[in-house]
Amino acid sequence: MDLFLARLFDGLGSGATYAALAMALVLIFKATTLINFAQGELALLGAYLVLVLGVEQGLPIVVAVFLAMVITAVFAAGLERVFIRPFDPSDHLPLVIVTLGLFLGINSVAGVIWGHGARDLPSMFPDGNLYSRGVANLSWVTVGNVATVLATAGALYLLLNKTKIGLAFRAVSSNLESSELVGINIGRTLQFGWALAAAVGTLGAALAILTLFLEPTVMLRVLIFAFAAAALGGLDSLGGAVVGGFVVGLVRSMGVGYLDFVPSELGVGAAVVVIIAVLLIRPTGLFGSEQVQRV
Amino acid sequence: MTILDVQDLRVSFGGIVAVADLSFTVDEGQICGLIGPNGAGKTTTFNLISRLYQPDSGSVDFDGTDLLRVPPHKIAHQGVFRTFQNLALWPGMTVLDNVMVGAHTRSKQSVLSAPFRFGTRREENRLREEAYAILADLDLAEHAFKPAAGLPYGTLKRIELARGLAAHPRLLMLDEPATGLTNAEVTELAELIRDVRDRYDLTMVLVEHHMAMVMAISDKVVVLDFGQKIAEGTPQEVQANPEVIRAYLGGDA
Amino acid sequence: MSLPKRIAQGGRNHRLYLLGSWGLLALLAFLVPFLFAETFAPELFGNKYTVSLANVNKSLAWAVAILGLTVLTGFSGQISLGHTFFVGTGAYTSAILVEFFDWPYLATLVVVIPMCLVIGLIIGIPAVRITGLYLALITFGLAAVFPSIPKIEQLADRDGWNTGGSNGLRVSKDLETPSWLPTNGIAEFLQGIPLIGGMFGSDGLPRRGADDVYVYFLLLLVAAIAFLLVRNLMKSRPGRAIIAIRDNPTGAQVSGINPAAVKTIAFGISGILGGVAGVMFTMMAQFVGPDEFTTNLAIFFVVGMIVGGVGTLGGSIIGGLAIVFVPAWAGQTETLPIADIEFGAEFGPLILGVLLILLMFAMPGGITSGFRQVRARLVQIIPRAPST
Ligand SMILES: Nc1ncnc2c1ncn2[C@@H]1O[C@H](COP(=O)(O)OP(=O)(O)O)[C@@H](O)[C@H]1O
Ligand SMILES: [Mg+2]
């Protein structure tokens, strides 16, 4: 029972970080029906900014995270304008390739600037546990992660449903042509999607670093689970991304924990199996709309 | 002898019944004109026979084979080929290669033999010669080595015809082959179609808006309106049919 | 003489042209190992750049991997970001067979080829339904999984054969130059040529480089065969079918081509080439490890394909050279005259990333397309109508 609880808490905690990054992926996908392979690296950049602002400049950690979100958002808006917009959105190969180029570039810049050593970030949440029972510890970090992700999902919901730019974004993502006809500035709106995604991704990275160490390859390990979460949720559903994130987190912790024959190295494999199974059985994921099928 | 037998063919998209219980037959060696106003369901009928669409009900029999039991990519193997109203060519390939793909079913090279050129050379040469001869036949030889991209529309439609001929089908269905041609060229095309029908032993179904052409070369004509057959018979019979005249009133006849 | 020079296909001039250009290429390929066996190290801005033969050999292996990607992504239109899965599988299988079962290196192809074919077909079957970005996602996942497979306890720590876990597996069997291959004699002969002999070093081949020359010729042979087979394939019925499905599936289908079968087969062929590249890697490196087959390498393969030119066979060679030498040279650059930044190996992926994006903007057809444009200014082959 304790072991079960331990795995449950573990799954929830990591699931929250997958959910955050998956939401970022979904935002981009909604905007451009593109899977942004550089999303994890943008988030990585955000995490290093938190390091610079919070540790080296000594700002309060919450302020540092917020500032890092703003900076990566502006940066991502610039990337969208310069590297993404010139390409035909319906032709996927060049766009995927550009995001791969960004992936390599950003990752390597991070390594050049901050080196390859593992760094630690200060926590936004109190130390210690909210609840303990045997080996099962529900730490404040886990609680904080889950709460932050749920709050972010709520904030995104409000933003997309109650604000003008949010509504424009939803219009563009559901029908590009008719949004153009009613006079929405498409480019601006998509740029907004990129900026928002980068901010959410940075938050996700800041959360993930609380349980992992910050190094240039860290996001790659998280990203593949975020892909699985987004695919499971349906790639164009924010709620789906959150649910998908937690499911993937739990599948990983329970699967590796209970199925003895599954070597722990194959956690990543579990994520890939989830992606393939979902896309084969239900290509629109759990909550995605039919539209997604038209690739 | 009947070679194509379509019975009670029906398909609907959402609420629209695009083809409504359509029945008609075509005899071997005939040219059958399939006409009707825009949106009548002519292209859809082609799509059903070539299995790109799945009918709700009905049957399509080609020389004793139930085509509805044949998967789309096996239709050509049965000797049935069609052209497209909006073209389905490969812009990046040369015109000659476009036509050679049409001969896919008449060639045996496989992934096992081709890399090692086990007996593929002679076959490849034969196909190339044949494809070139067809192009020459259709006055397209000058374009043989150009990429298809960028050629005029009327030329591309003829290349599709050439691709169809390269398959040596028994039934060839042409969807608006005269689009983009001048009147003089239409007359030429009409002659060409009769000519290839005779030389390649073809049965043809011809969808075309150019009435003079359809009436001149068809052995029989089937008229569709809103997915339903409203008339069938020789060109003379059909032209005299009051229903047909009504359907075309203000139309493009 | 006015340019472009027009040459009739199949005529005498055409034969001369083909003989000349292929002959030149063959000569170059023959001379390369002797040029670089002696460490060739030109200096630029105070940095020493070496072209080691080992890196040339690695380029050959990666060229074949990129060739596989070209078949899949370039010709068949299916995106794969996971080719390291095939390459790694081939490399590990080969290494284990050589190290623990004492197989000759090349003989391992007999196992690797069917194995990677089957894996390719297995991935190819769902790929018929899962297309575009989703396929990119799945294959990226495969690339992410691969490095953890050799670390699985049951494979890493077993008695008998094993993968060596995180430390990797060193293959102790050397590829020694057979006595009938007079590489040393050739080197001495080249060194003896007046004027240019010095480019080939002196006193025959250096001891350490001698076997690399032999490995080079082995790999060149394997690569040449792979390229020839793929070229024959693409110039025939199945090759046309692959491209037909990519560019117009409907037109292909009514022409009698089975899209599912063709796309799956393309995956299988691509898998084979990946596996062969893996065997080639094991031959040149005599080592396999989980860190050799990372997602970064999988992305590098895509970079190589783009740099060389999507959908061109020759581009794979250029791509293979680019993804090996760009990072290698970045690592050897310590100072640059333009800015006072400290350069180093980390810049390799950065340069490749920037190159990738620049090419997408400026030359989407890659270097091969640029080369072809130049060539078109010089010679024009007039196609010959088939005789009937
Ligand atoms: N794939 C489809 N989805 C929805 N409606 C279709 C589809 N294909 C054809 N239709 C409809 O079926 C009707 C017949 O179209 P079509 O066969 O193209 O007519 P035409 O006689 O001009 O060739 C039209 O109303 C058209 O809109
Ligand atoms: Mg039509």
# chains A, B, ... in the order shown; residues from 1 in each chain; ligands from 1
call {"tool": "residues_near_ligand", "arguments": {"ligand": "ligand 1", "cutoff": "10 Å", "atoms": "only C-alpha atoms and all ligand atoms", "output": "JSON list (two decimals) with all heavy atoms, in the first residue's frame"}}
result
[["chain", "number", "residue", "atom", "x", "y", "z"],
["B", 11, "VAL", "N", -24.85, 6.46, -53.99],
["B", 11, "VAL", "CA", -23.97, 6.96, -52.94],
["B", 11, "VAL", "C", -24.47, 8.33, -52.53],
["B", 11, "VAL", "O", -25.00, 9.10, -53.33],
["B", 11, "VAL", "CB", -22.50, 7.03, -53.40],
["B", 11, "VAL", "CG1", -22.27, 8.18, -54.38],
["B", 11, "VAL", "CG2", -21.56, 7.22, -52.20],
["B", 12, "SER", "N", -24.36, 8.62, -51.24],
["B", 12, "SER", "CA", -24.74, 9.96, -50.79],
["B", 12, "SER", "C", -23.66, 10.51, -49.87],
["B", 12, "SER", "O", -22.95, 9.76, -49.19],
["B", 12, "SER", "CB", -26.09, 9.92, -50.08],
["B", 12, "SER", "OG", -26.09, 8.91, -49.11],
["B", 13, "PHE", "N", -23.53, 11.83, -49.90],
["B", 13, "PHE", "CA", -22.57, 12.52, -49.02],
["B", 13, "PHE", "C", -23.37, 13.40, -48.09],
["B", 13, "PHE", "O", -23.99, 14.35, -48.55],
["B", 13, "PHE", "CB", -21.61, 13.36, -49.85],
["B", 13, "PHE", "CG", -20.83, 12.57, -50.85],
["B", 13, "PHE", "CD1", -21.13, 12.63, -52.20],
["B", 13, "PHE", "CD2", -19.81, 11.74, -50.43],
["B", 13, "PHE", "CE1", -20.42, 11.91, -53.12],
["B", 13, "PHE", "CE2", -19.09, 11.01, -51.35],
["B", 13, "PHE", "CZ", -19.40, 11.08, -52.70],
["B", 14, "GLY", "N", -23.36, 13.07, -46.82],
["B", 14, "GLY", "CA", -24.21, 13.81, -45.90],
["B", 14, "GLY", "C", -25.64, 13.67, -46.38],
["B", 14, "GLY", "O", -26.14, 12.54, -46.55],
["B", 15, "GLY", "N", -26.30, 14.75, -46.68],
["B", 15, "GLY", "CA", -27.69, 14.66, -47.13],
["B", 15, "GLY", "C", -27.82, 14.53, -48.64],
["B", 15, "GLY", "O", -28.85, 14.11, -49.15],
["B", 16, "ILE", "N", -26.73, 14.86, -49.37],
["B", 16, "ILE", "CA", -26.85, 14.91, -50.83],
["B", 16, "ILE", "C", -26.68, 13.52, -51.44],
["B", 16, "ILE", "O", -25.69, 12.84, -51.20],
["B", 16, "ILE", "CB", -25.75, 15.81, -51.43],
["B", 16, "ILE", "CG1", -25.82, 17.19, -50.81],
["B", 16, "ILE", "CG2", -25.88, 15.88, -52.94],
["B", 16, "ILE", "CD1", -24.57, 18.02, -51.05],
["B", 17, "VAL", "N", -27.71, 13.11, -52.22],
["B", 17, "VAL", "CA", -27.57, 11.86, -52.96],
["B", 17, "VAL", "C", -26.89, 12.20, -54.28],
["B", 17, "VAL", "O", -27.49, 12.81, -55.16],
["B", 17, "VAL", "CB", -28.95, 11.21, -53.20],
["B", 17, "VAL", "CG1", -28.77, 9.88, -53.91],
["B", 17, "VAL", "CG2", -29.65, 11.01, -51.87],
["B", 18, "ALA", "N", -25.62, 11.84, -54.39],
["B", 18, "ALA", "CA", -24.85, 12.26, -55.57],
["B", 18, "ALA", "C", -25.14, 11.36, -56.75],
["B", 18, "ALA", "O", -25.17, 11.80, -57.89],
["B", 18, "ALA", "CB", -23.35, 12.26, -55.25],
["B", 19, "VAL", "N", -25.33, 10.07, -56.48],
["B", 19, "VAL", "CA", -25.71, 9.11, -57.52],
["B", 19, "VAL", "C", -26.87, 8.30, -56.96],
["B", 19, "VAL", "O", -26.74, 7.71, -55.89],
["B", 19, "VAL", "CB", -24.54, 8.19, -57.91],
["B", 19, "VAL", "CG1", -25.01, 7.09, -58.83],
["B", 19, "VAL", "CG2", -23.42, 8.99, -58.55],
["B", 34, "LEU", "N", -21.46, 9.95, -71.24],
["B", 34, "LEU", "CA", -22.17, 10.12, -69.96],
["B", 34, "LEU", "C", -22.26, 11.63, -69.76],
["B", 34, "LEU", "O", -21.25, 12.29, -69.52],
["B", 34, "LEU", "CB", -21.38, 9.44, -68.85],
["B", 34, "LEU", "CG", -21.98, 9.43, -67.44],
["B", 34, "LEU", "CD1", -23.30, 8.69, -67.42],
["B", 34, "LEU", "CD2", -21.00, 8.77, -66.46],
["B", 35, "ILE", "N", -23.47, 12.16, -69.89],
["B", 35, "ILE", "CA", -23.58, 13.62, -69.84],
["B", 35, "ILE", "C", -24.57, 14.06, -68.77],
["B", 35, "ILE", "O", -25.30, 13.24, -68.20],
["B", 35, "ILE", "CB", -24.00, 14.21, -71.21],
["B", 35, "ILE", "CG1", -25.37, 13.69, -71.61],
["B", 35, "ILE", "CG2", -22.96, 13.91, -72.27],
["B", 35, "ILE", "CD1", -25.94, 14.40, -72.83],
["B", 36, "GLY", "N", -24.57, 15.33, -68.51],
["B", 36, "GLY", "CA", -25.47, 15.89, -67.51],
["B", 36, "GLY", "C", -24.90, 17.20, -67.04],
["B", 36, "GLY", "O", -23.70, 17.45, -67.18],
["B", 37, "PRO", "N", -25.75, 18.05, -66.46],
["B", 37, "PRO", "CA", -25.27, 19.35, -65.98],
["B", 37, "PRO", "C", -24.21, 19.20, -64.90],
["B", 37, "PRO", "O", -24.03, 18.10, -64.35],
["B", 37, "PRO", "CB", -26.52, 20.01, -65.40],
["B", 37, "PRO", "CG", -27.67, 19.19, -65.85],
["B", 37, "PRO", "CD", -27.17, 17.84, -66.18],
["B", 38, "ASN", "N", -23.52, 20.28, -64.59],
["B", 38, "ASN", "CA", -22.53, 20.24, -63.51],
["B", 38, "ASN", "C", -23.16, 19.74, -62.22],
["B", 38, "ASN", "O", -24.27, 20.12, -61.87],
["B", 38, "ASN", "CB", -21.98, 21.65, -63.26],
["B", 38, "ASN", "CG", -20.75, 21.88, -64.12],
["B", 38, "ASN", "OD1", -20.00, 20.94, -64.39],
["B", 38, "ASN", "ND2", -20.55, 23.10, -64.57],
["B", 39, "GLY", "N", -22.47, 18.89, -61.53],
["B", 39, "GLY", "CA", -22.98, 18.36, -60.27],
["B", 39, "GLY", "C", -23.97, 17.23, -60.44],
["B", 39, "GLY", "O", -24.59, 16.79, -59.48],
["B", 40, "ALA", "N", -24.10, 16.72, -61.67],
["B", 40, "ALA", "CA", -25.09, 15.67, -61.92],
["B", 40, "ALA", "C", -24.64, 14.33, -61.34],
["B", 40, "ALA", "O", -25.46, 13.44, -61.12],
["B", 40, "ALA", "CB", -25.34, 15.53, -63.41],
["B", 41, "GLY", "N", -23.35, 14.16, -61.12],
["B", 41, "GLY", "CA", -22.88, 12.91, -60.55],
["B", 41, "GLY", "C", -22.02, 12.09, -61.50],
["B", 41, "GLY", "O", -21.74, 10.91, -61.24],
["B", 42, "LYS", "N", -21.55, 12.71, -62.56],
["B", 42, "LYS", "CA", -20.76, 11.97, -63.55],
["B", 42, "LYS", "C", -19.41, 11.54, -62.98],
["B", 42, "LYS", "O", -19.04, 10.36, -63.03],
["B", 42, "LYS", "CB", -20.55, 12.85, -64.80],
["B", 42, "LYS", "CG", -21.84, 13.40, -65.38],
["B", 42, "LYS", "CD", -21.59, 14.30, -66.57],
["B", 42, "LYS", "CE", -20.84, 15.58, -66.26],
["B", 42, "LYS", "NZ", -21.56, 16.57, -65.47],
["B", 43, "THR", "N", -18.69, 12.52, -62.43],
["B", 43, "THR", "CA", -17.39, 12.19, -61.86],
["B", 43, "THR", "C", -17.54, 11.20, -60.71],
["B", 43, "THR", "O", -16.73, 10.28, -60.55],
["B", 43, "THR", "CB", -16.69, 13.48, -61.38],
["B", 43, "THR", "OG1", -16.50, 14.34, -62.50],
["B", 43, "THR", "CG2", -15.35, 13.18, -60.74],
["B", 44, "THR", "N", -18.59, 11.40, -59.93],
["B", 44, "THR", "CA", -18.82, 10.48, -58.81],
["B", 44, "THR", "C", -19.02, 9.05, -59.32],
["B", 44, "THR", "O", -18.54, 8.09, -58.72],
["B", 44, "THR", "CB", -20.03, 10.95, -57.99],
["B", 44, "THR", "OG1", -19.82, 12.31, -57.60],
["B", 44, "THR", "CG2", -20.22, 10.09, -56.77],
["B", 45, "THR", "N", -19.73, 8.93, -60.46],
["B", 45, "THR", "CA", -19.91, 7.60, -61.04],
["B", 45, "THR", "C", -18.57, 6.97, -61.39],
["B", 45, "THR", "O", -18.31, 5.80, -61.08],
["B", 45, "THR", "CB", -20.80, 7.70, -62.30],
["B", 45, "THR", "OG1", -22.02, 8.33, -61.95],
["B", 45, "THR", "CG2", -21.07, 6.33, -62.88],
["B", 46, "PHE", "N", -17.68, 7.76, -62.00],
["B", 46, "PHE", "CA", -16.32, 7.27, -62.29],
["B", 46, "PHE", "C", -15.62, 6.85, -60.99],
["B", 46, "PHE", "O", -14.97, 5.81, -60.93],
["B", 46, "PHE", "CB", -15.49, 8.36, -62.97],
["B", 46, "PHE", "CG", -15.68, 8.44, -64.45],
["B", 46, "PHE", "CD1", -16.77, 7.83, -65.07],
["B", 46, "PHE", "CD2", -14.77, 9.11, -65.25],
["B", 46, "PHE", "CE1", -16.94, 7.90, -66.44],
["B", 46, "PHE", "CE2", -14.92, 9.17, -66.62],
["B", 46, "PHE", "CZ", -16.02, 8.59, -67.22],
["B", 47, "ASN", "N", -15.76, 7.70, -59.97],
["B", 47, "ASN", "CA", -15.08, 7.40, -58.71],
["B", 47, "ASN", "C", -15.61, 6.11, -58.09],
["B", 47, "ASN", "O", -14.87, 5.38, -57.43],
["B", 47, "ASN", "CB", -15.25, 8.56, -57.73],
["B", 47, "ASN", "CG", -14.40, 9.75, -58.11],
["B", 47, "ASN", "OD1", -13.43, 9.61, -58.85],
["B", 47, "ASN", "ND2", -14.74, 10.92, -57.60],
["B", 48, "LEU", "N", -16.90, 5.85, -58.30],
["B", 48, "LEU", "CA", -17.47, 4.62, -57.75],
["B", 48, "LEU", "C", -16.95, 3.41, -58.52],
["B", 48, "LEU", "O", -16.55, 2.41, -57.93],
["B", 48, "LEU", "CB", -19.00, 4.67, -57.82],
["B", 48, "LEU", "CG", -19.65, 5.64, -56.84],
["B", 48, "LEU", "CD1", -21.13, 5.83, -57.17],
["B", 48, "LEU", "CD2", -19.50, 5.12, -55.41],
["B", 52, "LEU", "N", -12.68, 4.55, -55.93],
["B", 52, "LEU", "CA", -12.16, 5.58, -55.04],
["B", 52, "LEU", "C", -13.21, 5.96, -54.00],
["B", 52, "LEU", "O", -12.89, 6.40, -52.90],
["B", 52, "LEU", "CB", -11.73, 6.82, -55.83],
["B", 52, "LEU", "CG", -10.59, 6.56, -56.83],
["B", 52, "LEU", "CD1", -10.22, 7.82, -57.58],
["B", 52, "LEU", "CD2", -9.35, 6.00, -56.11],
["B", 53, "TYR", "N", -14.49, 5.78, -54.38],
["B", 53, "TYR", "CA", -15.58, 5.95, -53.42],
["B", 53, "TYR", "C", -16.25, 4.61, -53.19],
["B", 53, "TYR", "O", -16.31, 3.77, -54.07],
["B", 53, "TYR", "CB", -16.65, 6.92, -53.97],
["B", 53, "TYR", "CG", -16.25, 8.37, -54.02],
["B", 53, "TYR", "CD1", -17.08, 9.29, -54.66],
["B", 53, "TYR", "CD2", -15.06, 8.82, -53.46],
["B", 53, "TYR", "CE1", -16.72, 10.63, -54.73],
["B", 53, "TYR", "CE2", -14.71, 10.16, -53.53],
["B", 53, "TYR", "CZ", -15.54, 11.06, -54.17],
["B", 53, "TYR", "OH", -15.21, 12.37, -54.25],
["B", 85, "GLN", "N", -10.90, 14.53, -64.11],
["B", 85, "GLN", "CA", -11.34, 15.86, -64.53],
["B", 85, "GLN", "C", -10.28, 16.89, -64.18],
["B", 85, "GLN", "O", -9.97, 17.77, -64.97],
["B", 85, "GLN", "CB", -12.66, 16.18, -63.83],
["B", 85, "GLN", "CG", -13.30, 17.46, -64.27],
["B", 85, "GLN", "CD", -14.65, 17.67, -63.60],
["B", 85, "GLN", "OE1", -15.24, 16.75, -63.03],
["B", 85, "GLN", "NE2", -15.14, 18.89, -63.66],
["B", 175, "ASP", "N", -12.72, 11.63, -68.29],
["B", 175, "ASP", "CA", -13.51, 12.67, -67.62],
["B", 175, "ASP", "C", -13.15, 14.04, -68.20],
["B", 175, "ASP", "O", -12.10, 14.59, -67.88],
["B", 175, "ASP", "CB", -13.24, 12.63, -66.10],
["B", 175, "ASP", "CG", -14.36, 13.31, -65.32],
["B", 175, "ASP", "OD1", -15.14, 14.06, -65.94],
["B", 175, "ASP", "OD2", -14.46, 13.07, -64.09],
["B", 176, "GLU", "N", -14.02, 14.53, -69.05],
["B", 176, "GLU", "CA", -13.87, 15.85, -69.68],
["B", 176, "GLU", "C", -12.50, 16.04, -70.35],
["B", 176, "GLU", "O", -11.74, 16.95, -70.00],
["B", 176, "GLU", "CB", -14.13, 16.96, -68.65],
["B", 176, "GLU", "CG", -15.47, 16.77, -67.96],
["B", 176, "GLU", "CD", -16.00, 18.04, -67.30],
["B", 176, "GLU", "OE1", -15.39, 19.10, -67.50],
["B", 176, "GLU", "OE2", -17.03, 17.94, -66.61],
["B", 207, "VAL", "N", -17.12, 11.30, -70.38],
["B", 207, "VAL", "CA", -17.82, 12.43, -69.77],
["B", 207, "VAL", "C", -17.32, 13.68, -70.45],
["B", 207, "VAL", "O", -16.10, 13.90, -70.52],
["B", 207, "VAL", "CB", -17.56, 12.50, -68.26],
["B", 207, "VAL", "CG1", -18.03, 13.84, -67.70],
["B", 207, "VAL", "CG2", -18.26, 11.37, -67.54],
["B", 208, "GLU", "N", -18.23, 14.47, -71.00],
["B", 208, "GLU", "CA", -17.78, 15.67, -71.70],
["B", 208, "GLU", "C", -18.93, 16.66, -71.79],
["B", 208, "GLU", "O", -20.09, 16.29, -71.95],
["B", 208, "GLU", "CB", -17.30, 15.26, -73.10],
["B", 208, "GLU", "CG", -16.67, 16.35, -73.91],
["B", 208, "GLU", "CD", -15.67, 17.19, -73.14],
["B", 208, "GLU", "OE1", -14.61, 16.67, -72.76],
["B", 208, "GLU", "OE2", -15.96, 18.39, -72.87],
["B", 209, "HIS", "N", -18.58, 17.93, -71.66],
["B", 209, "HIS", "CA", -19.61, 18.97, -71.78],
["B", 209, "HIS", "C", -19.77, 19.43, -73.21],
["B", 209, "HIS", "O", -20.74, 20.10, -73.54],
["B", 209, "HIS", "CB", -19.25, 20.17, -70.90],
["B", 209, "HIS", "CG", -19.57, 19.93, -69.47],
["B", 209, "HIS", "ND1", -20.86, 19.68, -69.03],
["B", 209, "HIS", "CD2", -18.80, 19.87, -68.36],
["B", 209, "HIS", "CE1", -20.85, 19.50, -67.73],
["B", 209, "HIS", "NE2", -19.61, 19.59, -67.29],
["B", 224, "LEU", "N", -27.52, 12.09, -67.07],
["B", 224, "LEU", "CA", -27.75, 12.17, -65.62],
["B", 224, "LEU", "C", -28.25, 13.57, -65.25],
["B", 224, "LEU", "O", -27.85, 14.55, -65.85],
["B", 224, "LEU", "CB", -26.44, 11.94, -64.86],
["B", 224, "LEU", "CG", -25.81, 10.57, -64.83],
["B", 224, "LEU", "CD1", -24.61, 10.59, -63.88],
["B", 224, "LEU", "CD2", -26.81, 9.53, -64.37],
["B", 225, "ASP", "N", -29.09, 13.60, -64.24],
["B", 225, "ASP", "CA", -29.45, 14.88, -63.64],
["B", 225, "ASP", "C", -29.70, 14.63, -62.17],
["B", 225, "ASP", "O", -30.46, 13.73, -61.81],
["B", 225, "ASP", "CB", -30.69, 15.45, -64.34],
["B", 225, "ASP", "CG", -30.87, 16.93, -63.99],
["B", 225, "ASP", "OD1", -29.89, 17.56, -63.53],
["B", 225, "ASP", "OD2", -31.98, 17.44, -64.20],
["B", 226, "PHE", "N", -29.08, 15.40, -61.33],
["B", 226, "PHE", "CA", -29.18, 15.18, -59.88],
["B", 226, "PHE", "C", -28.99, 13.72, -59.51],
["B", 226, "PHE", "O", -29.73, 13.16, -58.71],
["B", 226, "PHE", "CB", -30.52, 15.70, -59.35],
["B", 226, "PHE", "CG", -30.64, 17.19, -59.44],
["B", 226, "PHE", "CD1", -31.52, 17.77, -60.36],
["B", 226, "PHE", "CD2", -29.86, 18.01, -58.65],
["B", 226, "PHE", "CE1", -31.61, 19.15, -60.47],
["B", 226, "PHE", "CE2", -29.95, 19.39, -58.75],
["B", 226, "PHE", "CZ", -30.82, 19.96, -59.66],
["B", 227, "GLY", "N", -28.01, 13.08, -60.12],
["B", 227, "GLY", "CA", -27.66, 11.72, -59.75],
["B", 227, "GLY", "C", -28.54, 10.66, -60.36],
["B", 227, "GLY", "O", -28.29, 9.47, -60.21]]
call {"tool": "interface_residues", "arguments": {"of": "chain C", "to": "chain A", "cutoff": "7 Å", "atoms": "only C-alpha atoms", "output": "NGL selection string"}}
result
:C and (126 or 130 or 132-133 or 138 or 141-142 or 145 or 148 or 151-152 or 346-347 or 349-350 or 353-354 or 356-357 or 360)
call {"tool": "residues_around", "arguments": {"residues": "Arg246 (chain B)", "least_positions_apart": "6", "cutoff": "12 Å", "atoms": "only C-alpha atoms", "output": "ChimeraX atom specification"}}
result
/B:36-37,223,225,230-231,238-240,252-253
call {"tool": "write_last_selection", "arguments": {"atoms": "all heavy atoms", "output": "compact mmCIF listing (two decimals), in the first residue's frame"}}
result
# COMPACT_ATOMS: atom_id res chain seq x y z
N GLY B 36 -24.57 15.33 -68.51
CA GLY B 36 -25.47 15.89 -67.51
C GLY B 36 -24.90 17.20 -67.04
O GLY B 36 -23.70 17.45 -67.18
N PRO B 37 -25.75 18.05 -66.46
CA PRO B 37 -25.27 19.35 -65.98
C PRO B 37 -24.21 19.20 -64.90
O PRO B 37 -24.03 18.10 -64.35
CB PRO B 37 -26.52 20.01 -65.40
CG PRO B 37 -27.67 19.19 -65.85
CD PRO B 37 -27.17 17.84 -66.18
N VAL B 223 -27.83 10.04 -69.84
CA VAL B 223 -27.96 11.40 -69.33
C VAL B 223 -28.29 11.37 -67.84
O VAL B 223 -29.23 10.69 -67.42
CB VAL B 223 -29.05 12.18 -70.08
CG1 VAL B 223 -29.01 13.65 -69.68
CG2 VAL B 223 -28.88 12.03 -71.58
N ASP B 225 -29.09 13.60 -64.24
CA ASP B 225 -29.45 14.88 -63.64
C ASP B 225 -29.70 14.63 -62.17
O ASP B 225 -30.46 13.73 -61.81
CB ASP B 225 -30.69 15.45 -64.34
CG ASP B 225 -30.87 16.93 -63.99
OD1 ASP B 225 -29.89 17.56 -63.53
OD2 ASP B 225 -31.98 17.44 -64.20
N ILE B 230 -31.85 10.19 -66.52
CA ILE B 230 -33.12 10.68 -67.06
C ILE B 230 -33.32 10.24 -68.50
O ILE B 230 -34.43 10.35 -69.03
CB ILE B 230 -33.24 12.22 -66.96
CG1 ILE B 230 -32.05 12.89 -67.66
CG2 ILE B 230 -33.33 12.67 -65.51
CD1 ILE B 230 -32.25 14.39 -67.81
N ALA B 231 -32.27 9.75 -69.13
CA ALA B 231 -32.46 9.25 -70.49
C ALA B 231 -31.30 8.37 -70.87
O ALA B 231 -30.21 8.45 -70.30
CB ALA B 231 -32.56 10.41 -71.49
N VAL B 238 -31.57 10.57 -77.64
CA VAL B 238 -31.38 11.39 -76.46
C VAL B 238 -31.62 12.86 -76.76
O VAL B 238 -32.26 13.58 -75.99
CB VAL B 238 -29.95 11.17 -75.91
CG1 VAL B 238 -29.57 12.27 -74.93
CG2 VAL B 238 -29.86 9.81 -75.27
N GLN B 239 -31.13 13.31 -77.91
CA GLN B 239 -31.31 14.72 -78.26
C GLN B 239 -32.78 15.09 -78.43
O GLN B 239 -33.15 16.24 -78.20
CB GLN B 239 -30.56 15.03 -79.56
CG GLN B 239 -29.12 15.37 -79.31
CD GLN B 239 -28.31 15.41 -80.59
OE1 GLN B 239 -28.30 14.46 -81.36
NE2 GLN B 239 -27.65 16.52 -80.81
N ALA B 240 -33.60 14.10 -78.80
CA ALA B 240 -35.01 14.39 -79.00
C ALA B 240 -35.82 14.27 -77.71
O ALA B 240 -36.99 14.64 -77.67
CB ALA B 240 -35.57 13.43 -80.06
N ASP B 252 -25.60 24.19 -70.68
CA ASP B 252 -24.52 24.49 -71.62
C ASP B 252 -24.62 23.66 -72.90
O ASP B 252 -23.65 23.49 -73.60
CB ASP B 252 -23.15 24.32 -70.95
CG ASP B 252 -23.14 23.12 -70.03
OD1 ASP B 252 -24.12 22.35 -70.06
OD2 ASP B 252 -22.17 22.97 -69.29
N ALA B 253 -25.81 23.12 -73.21
CA ALA B 253 -25.95 22.31 -74.41
C ALA B 253 -25.92 23.18 -75.66
O ALA B 253 -26.24 24.35 -75.59
CB ALA B 253 -27.25 21.53 -74.38
call {"tool": "residues_around", "arguments": {"residues": "region 169-181 of chain A", "least_positions_apart": "5", "cutoff": "9 Å", "atoms": "only C-alpha atoms", "output": "ChimeraX atom specification"}}
result
/A:29-33,160-161,164,186,189-190,192-193,291
call {"tool": "atom_distance", "arguments": {"atom1": "CA of Arg126 (chain B)", "atom2": "CA of Val254 (chain C)"}}
result
22.0 Å
call {"tool": "select_by_dssp", "arguments": {"residues": "region 112-249 of chain B", "states": "alpha helix (DSSP H)", "output": "count of residues only"}}
result
69
call {"tool": "interface_residues", "arguments": {"of": "chain C", "to": "chain B", "cutoff": "8 Å", "atoms": "only C-alpha atoms", "output": "ChimeraX atom specification"}}
result
/C:228-233,236-238,240-241,244,247-248,250-259,383,385-388
